[in-house]
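Asker: This is the structure I want to talk about, given as structure tokens.
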Amino acid sequence: MLFGRNGIGKSTLLKIAAGWTSPDSGTVHFAGRAYETTSLPELAAQGLFYLPDHDLLSSAFTVRRQLEMIRCQFDAGNVTEAADRVGITAFLDRRPASLSGGERRRAELAAVLVRRPSCLLADEPYRGIAPKDVEDITAIFTQLTGDGMAVVITGHEVPTLLDAADHVSWCTSGTTYELGPPSTAIQHEAFRSEYLGQAS
Amino acid sequence: MVARFRTTLPNRLIVRTYATRGALLWVATRAILIAIFLRGGFDPFQLSAAAMGGVVLLSVVVCFLETYRRHERALLGNLAVRPVTLIVLFATPALLGEVAIRIVRLVIA
């Protein structure tokens with residue numbers, strides 16, 4: 001779980017990790033390899049999946065077509081099963097633009113389930129969705145980690161995310177701190193005072 | 001160790017989807033150019049090789065703009081489709097169309 005105030009660089013960090021943006025310096029390490037320069041297509045071919053902080057699926061094609069593209073490209077999971085697991089079976093033949101925010105997030109998770117990547121980077125996957133969807137989507141993320149997938153999530157839904165997290169990182173003042181498991185993270189004085197605030 | 005580049009080629013569904021977009025947007029681009037050429041008093045079907053290349057290039061640019069407009073960069077990235085592959089998918093139908101126009105023009109002449 002990657003926490004940090006707005007504008008502190010969480011999304012930029014994920015973009016760099018996903019090969020979406022080039023870093024000023026440093027290397028990206030993924031699947032046992034170090035990349036001086038890389039790109040999302042290159043990392044995706046190695047097993048990475050990136051959910052950006054905007055809609056992933058195109059408004060030009062139906063959800064089913066896009067999931068099928070992923071399935072065919074990677075000889076991956078079953079589209080119908082994935083849709084069923086996230087509860088979007090009824091929306092498969094609709095275009096994402098006609099879906100609600102929560103339904104689009106579920107469709108994106110169906111894409112993850114079809115792809116079955118080894119690592120998922122999800123940038124603010126809870127944006128603009130109802131509490132019930134937050135609960136359901138968190139349950140799916142938890143299942144994915146249980147299946148052996150590495151899942152990195154950014155967001156501000158502190159109680160939900162801390163409950164689901166195995167590990168907490170905190171971006172602040174140009175530095176990323178590894179705070180360890182949530183129980184240790186919430187004891188971190190600066191994290192409590194500068195990010196969690198009085199509610200902690 | 002720094003990794004070497006390794007990626008997959010697009011599958012038939014991706015090829016069909018994006019080549020179709022390339023064909024449709026080439027038709028649209030060509031239709032607009034024909035109208036402009038006719039208004040300017042030029043023969044829109046008698047283009048030099050360089051002009052044909054320009055039409056193909058313009059068509060590819062229009063396709064990329066559409067891809068950006070639809071926010072498809074992340075989807076294509078996750079599909080491991082590189083920009084150079086997209087250029088080929090968009091350019092091929094446009095190039096074939098331009099060649100077909102030239103052949104029809106020659107046959108009619």
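Identifiers for the structure tokens are assigned positionally: chains receive A, B, ... in sequence, residues are indexed from 1 per chain, and ligands are indexed from 1 in the order shown.
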Considering only C-alpha atoms, tabulate each residue of chain A that lies at most 7 Å from chain B along with its nearest interatomic pair and the corresponding distance in Å to one decimal; arrange the rows by chain and ascending residue number and present them as CSV.

Answerer:
```
residue,atom,partner,partner_atom,distance
A:Arg33,CA,B:Ala3,CA,5.7
A:Ala34,CA,B:Val2,CA,4.9
A:Tyr35,CA,B:Val2,CA,5.4
A:Glu36,CA,B:Val2,CA,6.7
A:Leu40,CA,B:Gly77,CA,5.1
A:Pro41,CA,B:Ala80,CA,3.7
A:Glu42,CA,B:Thr7,CA,5.6
A:Ala44,CA,B:Asn78,CA,5.3
A:Ala45,CA,B:Thr7,CA,5.1
A:Phe49,CA,B:Asn78,CA,5.8
A:Tyr50,CA,B:Asn78,CA,6.7
A:Leu56,CA,B:Leu75,CA,5.8
A:Leu57,CA,B:Leu75,CA,6.3
A:Ser58,CA,B:Glu72,CA,5.6
A:Ser59,CA,B:Arg70,CA,6.2
A:Ala60,CA,B:Arg70,CA,6.9
A:Met69,CA,B:Leu13,CA,6.0
A:Ile70,CA,B:Leu79,CA,6.2
A:Cys72,CA,B:Asn11,CA,6.3
A:Gln73,CA,B:Asn11,CA,5.3
```

Asker: Put those residues in a file: C-alpha atoms, as a short mmCIF file (atom, residue, chain, number, x, y, z; two decimals), in the first residue's frame.

Answerer:
```cif
data_model
loop_
_atom_site.label_atom_id
_atom_site.label_comp_id
_atom_site.auth_asym_id
_atom_site.auth_seq_id
_atom_site.Cartn_x
_atom_site.Cartn_y
_atom_site.Cartn_z
CA ARG A 33 15.84 -7.84 -14.10
CA ALA A 34 17.01 -4.26 -13.96
CA TYR A 35 15.87 -1.82 -16.64
CA GLU A 36 17.78 1.41 -17.26
CA LEU A 40 4.87 -0.35 -20.26
CA PRO A 41 4.64 -2.73 -23.27
CA GLU A 42 8.00 -4.21 -22.34
CA ALA A 44 3.57 -5.91 -19.57
CA ALA A 45 5.10 -8.63 -21.70
CA PHE A 49 -0.29 -4.84 -15.29
CA TYR A 50 -0.85 -1.13 -14.69
CA LEU A 56 -8.16 1.87 -18.46
CA LEU A 57 -10.71 0.56 -20.92
CA SER A 58 -11.43 2.34 -24.18
CA SER A 59 -14.81 3.89 -24.87
CA ALA A 60 -14.50 2.68 -28.48
CA MET A 69 -8.03 -8.84 -26.65
CA ILE A 70 -6.22 -9.40 -23.35
CA CYS A 72 -5.97 -13.70 -26.84
CA GLN A 73 -2.79 -11.67 -26.42
#
```

Asker: Leaving out segment 47-63 of chain B and any residue of its chain fewer than 2 positions from it, which residues lie within 7 Å of it when counting only C-alpha atoms, given as a list in words?

Answerer: Gly22, Leu25, Trp26, Thr29, Pro44, Phe45, Leu65, Glu66, Thr67, Ile87, Phe90, Ala91, Ala94, Leu95 and Glu98 of chain B

Asker: Could you turn the residues from that selection into a file that holds N, CA and C atoms, as a compact mmCIF listing (two decimals), in the first residue's frame?

Answerer:
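Contents of selection-v2.txt, freshly written:
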```txt
# COMPACT_ATOMS: atom_id res chain seq x y z
N GLY B 22 -7.54 1.90 -38.60
CA GLY B 22 -6.65 2.53 -39.58
C GLY B 22 -7.35 2.70 -40.92
N LEU B 25 -10.29 5.40 -40.65
CA LEU B 25 -9.80 6.77 -40.54
C LEU B 25 -9.03 7.20 -41.79
N TRP B 26 -8.45 6.23 -42.52
CA TRP B 26 -7.85 6.58 -43.81
C TRP B 26 -8.96 7.02 -44.78
N THR B 29 -10.03 10.46 -43.77
CA THR B 29 -8.98 11.43 -44.11
C THR B 29 -8.95 11.67 -45.61
N PRO B 44 -7.50 14.77 -57.20
CA PRO B 44 -7.17 14.09 -55.93
C PRO B 44 -6.69 12.66 -56.11
N PHE B 45 -6.81 12.14 -57.32
CA PHE B 45 -6.41 10.74 -57.54
C PHE B 45 -5.09 10.63 -58.30
N LEU B 65 -4.12 10.24 -32.90
CA LEU B 65 -4.91 11.21 -32.16
C LEU B 65 -6.18 10.57 -31.60
N GLU B 66 -6.77 9.70 -32.40
CA GLU B 66 -7.97 8.99 -31.94
C GLU B 66 -7.63 8.07 -30.76
N THR B 67 -6.49 7.43 -30.85
CA THR B 67 -6.05 6.54 -29.77
C THR B 67 -5.82 7.33 -28.48
N ILE B 87 1.96 1.88 -35.42
CA ILE B 87 2.22 2.62 -36.67
C ILE B 87 2.03 1.67 -37.85
N PHE B 90 -1.68 0.94 -38.37
CA PHE B 90 -2.42 2.08 -38.92
C PHE B 90 -1.99 2.40 -40.35
N ALA B 91 -0.71 2.21 -40.63
CA ALA B 91 -0.20 2.62 -41.94
C ALA B 91 -0.55 1.62 -43.04
N ALA B 94 -3.85 2.20 -44.92
CA ALA B 94 -3.75 3.46 -45.67
C ALA B 94 -2.87 3.28 -46.90
N LEU B 95 -1.78 2.59 -46.73
CA LEU B 95 -0.86 2.35 -47.86
C LEU B 95 -1.55 1.49 -48.92
N GLU B 98 -4.06 3.60 -50.80
CA GLU B 98 -3.43 4.51 -51.76
C GLU B 98 -2.95 3.75 -53.00
```

Asker: Of the candidates A:Ala18, A:Met1, A:Leu99, A:Cys171, which one gets nearest to Glu124 of chain A if we count only C-alpha atoms?

Answerer: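 Checking each of A:Ala18, A:Met1, A:Leu99, A:Cys171 against Glu124 of chain A, counting only C-alpha atoms, the winner is A:Met1.
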
Asker: Give me, as an NGL selection string, all polymer residues having an atom no more than 12 Å from Tyr195 of chain A, counting only C-alpha atoms and skipping those fewer than 5 positions away in the same chain.

Answerer: :A and (2-6 or 8 or 156 or 158 or 169-173 or 185-186 or 188-190 or 200)

Asker: Restricted to C-alpha atoms, what would the selected residues look like written as an mmCIF file, in the first residue's frame?

Answerer:
```
data_model
loop_
_atom_site.group_PDB
_atom_site.id
_atom_site.type_symbol
_atom_site.label_atom_id
_atom_site.label_comp_id
_atom_site.auth_asym_id
_atom_site.auth_seq_id
_atom_site.Cartn_x
_atom_site.Cartn_y
_atom_site.Cartn_z
ATOM 1 C CA LEU A 2 1.451 3.319 -1.021
ATOM 2 C CA PHE A 3 0.238 6.311 0.962
ATOM 3 C CA GLY A 4 1.050 9.989 0.667
ATOM 4 C CA ARG A 5 -0.563 13.387 0.407
ATOM 5 C CA ASN A 6 -1.952 14.654 -2.888
ATOM 6 C CA ILE A 8 3.579 14.203 -3.297
ATOM 7 C CA HIS A 156 -6.496 7.650 0.711
ATOM 8 C CA VAL A 158 -6.930 4.619 5.111
ATOM 9 C CA SER A 169 5.048 2.578 2.080
ATOM 10 C CA TRP A 170 4.781 6.313 2.616
ATOM 11 C CA CYS A 171 5.749 8.988 0.115
ATOM 12 C CA THR A 172 6.682 12.323 1.637
ATOM 13 C CA SER A 173 9.060 15.182 0.908
ATOM 14 C CA ALA A 185 3.213 1.643 10.195
ATOM 15 C CA ILE A 186 0.587 3.204 12.427
ATOM 16 C CA HIS A 188 5.431 5.548 13.025
ATOM 17 C CA GLU A 189 5.378 8.986 14.595
ATOM 18 C CA ALA A 190 5.858 11.096 11.451
ATOM 19 C CA SER A 200 -5.194 8.089 14.009
#
```

Asker: Would you kindly return, as a list in words, each protein, DNA or RNA residue with an atom no farther than 12 Å from any atom of Thr184 of chain A, considering only C-alpha atoms and excluding same-chain residues fewer than 6 positions away?

Answerer: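 The filter keeps Leu162, Ala165, Asp166, His167, Val168, Ser169, Glu178, Phe191 and Arg192 of chain A.
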
Asker: Could you please take those selected residues and save N, CA and C atoms as a PDB file, in the first residue's frame?

Answerer:
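Output below, filename selection.pdb:
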```pdb
ATOM      1  N   LEU A 162      -5.531  -0.040   5.085  1.00  0.00           N
ATOM      2  CA  LEU A 162      -4.681  -0.589   6.144  1.00  0.00           C
ATOM      3  C   LEU A 162      -5.139  -1.992   6.540  1.00  0.00           C
ATOM      4  N   ALA A 165      -3.853  -4.279   3.749  1.00  0.00           N
ATOM      5  CA  ALA A 165      -2.433  -4.237   3.368  1.00  0.00           C
ATOM      6  C   ALA A 165      -1.574  -5.269   4.100  1.00  0.00           C
ATOM      7  N   ASP A 166      -0.543  -5.726   3.384  1.00  0.00           N
ATOM      8  CA  ASP A 166       0.506  -6.529   4.020  1.00  0.00           C
ATOM      9  C   ASP A 166       1.694  -5.644   4.370  1.00  0.00           C
ATOM     10  N   HIS A 167       1.818  -4.563   3.600  1.00  0.00           N
ATOM     11  CA  HIS A 167       3.015  -3.720   3.733  1.00  0.00           C
ATOM     12  C   HIS A 167       2.627  -2.281   3.392  1.00  0.00           C
ATOM     13  N   VAL A 168       3.178  -1.348   4.123  1.00  0.00           N
ATOM     14  CA  VAL A 168       2.853   0.064   3.903  1.00  0.00           C
ATOM     15  C   VAL A 168       4.114   0.840   3.513  1.00  0.00           C
ATOM     16  N   SER A 169       3.992   1.637   2.442  1.00  0.00           N
ATOM     17  CA  SER A 169       5.048   2.578   2.080  1.00  0.00           C
ATOM     18  C   SER A 169       4.441   3.970   2.138  1.00  0.00           C
ATOM     19  N   GLU A 178       9.737   2.872   3.805  1.00  0.00           N
ATOM     20  CA  GLU A 178       9.156   1.543   3.968  1.00  0.00           C
ATOM     21  C   GLU A 178       8.762   1.410   5.441  1.00  0.00           C
ATOM     22  N   PHE A 191       4.526   9.432  10.277  1.00  0.00           N
ATOM     23  CA  PHE A 191       3.410   8.965   9.430  1.00  0.00           C
ATOM     24  C   PHE A 191       2.086   9.320  10.097  1.00  0.00           C
ATOM     25  N   ARG A 192       2.040   9.128  11.404  1.00  0.00           N
ATOM     26  CA  ARG A 192       0.813   9.443  12.147  1.00  0.00           C
ATOM     27  C   ARG A 192       0.526  10.941  12.119  1.00  0.00           C
TER      28      ARG A 192
END
```

Asker: How would you write, as a ChimeraX atom specification, the set of residues in segment 13-198 of chain A that DSSP gives as alpha helix (DSSP H)?

Answerer: /A:13-17,40-46,63-74,79-86,101-115,131-146,158-164,182-185,189-191

Asker: Would you return as an NGL selection string the members of segment 74-184 of chain A that DSSP assigns to strand (DSSP E or B) on this structure's backbone?

Answerer: :A and (119-122 or 150-154 or 168-172 or 175-180)

Asker: Restricting the calculation to only C-alpha atoms, which member of B:Arg102, B:Val107, B:Leu86, B:Gly97 is positioned closest to Val27 of chain B?

Answerer: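 Result for the nearest residue to Val27 of chain B: B:Gly97.
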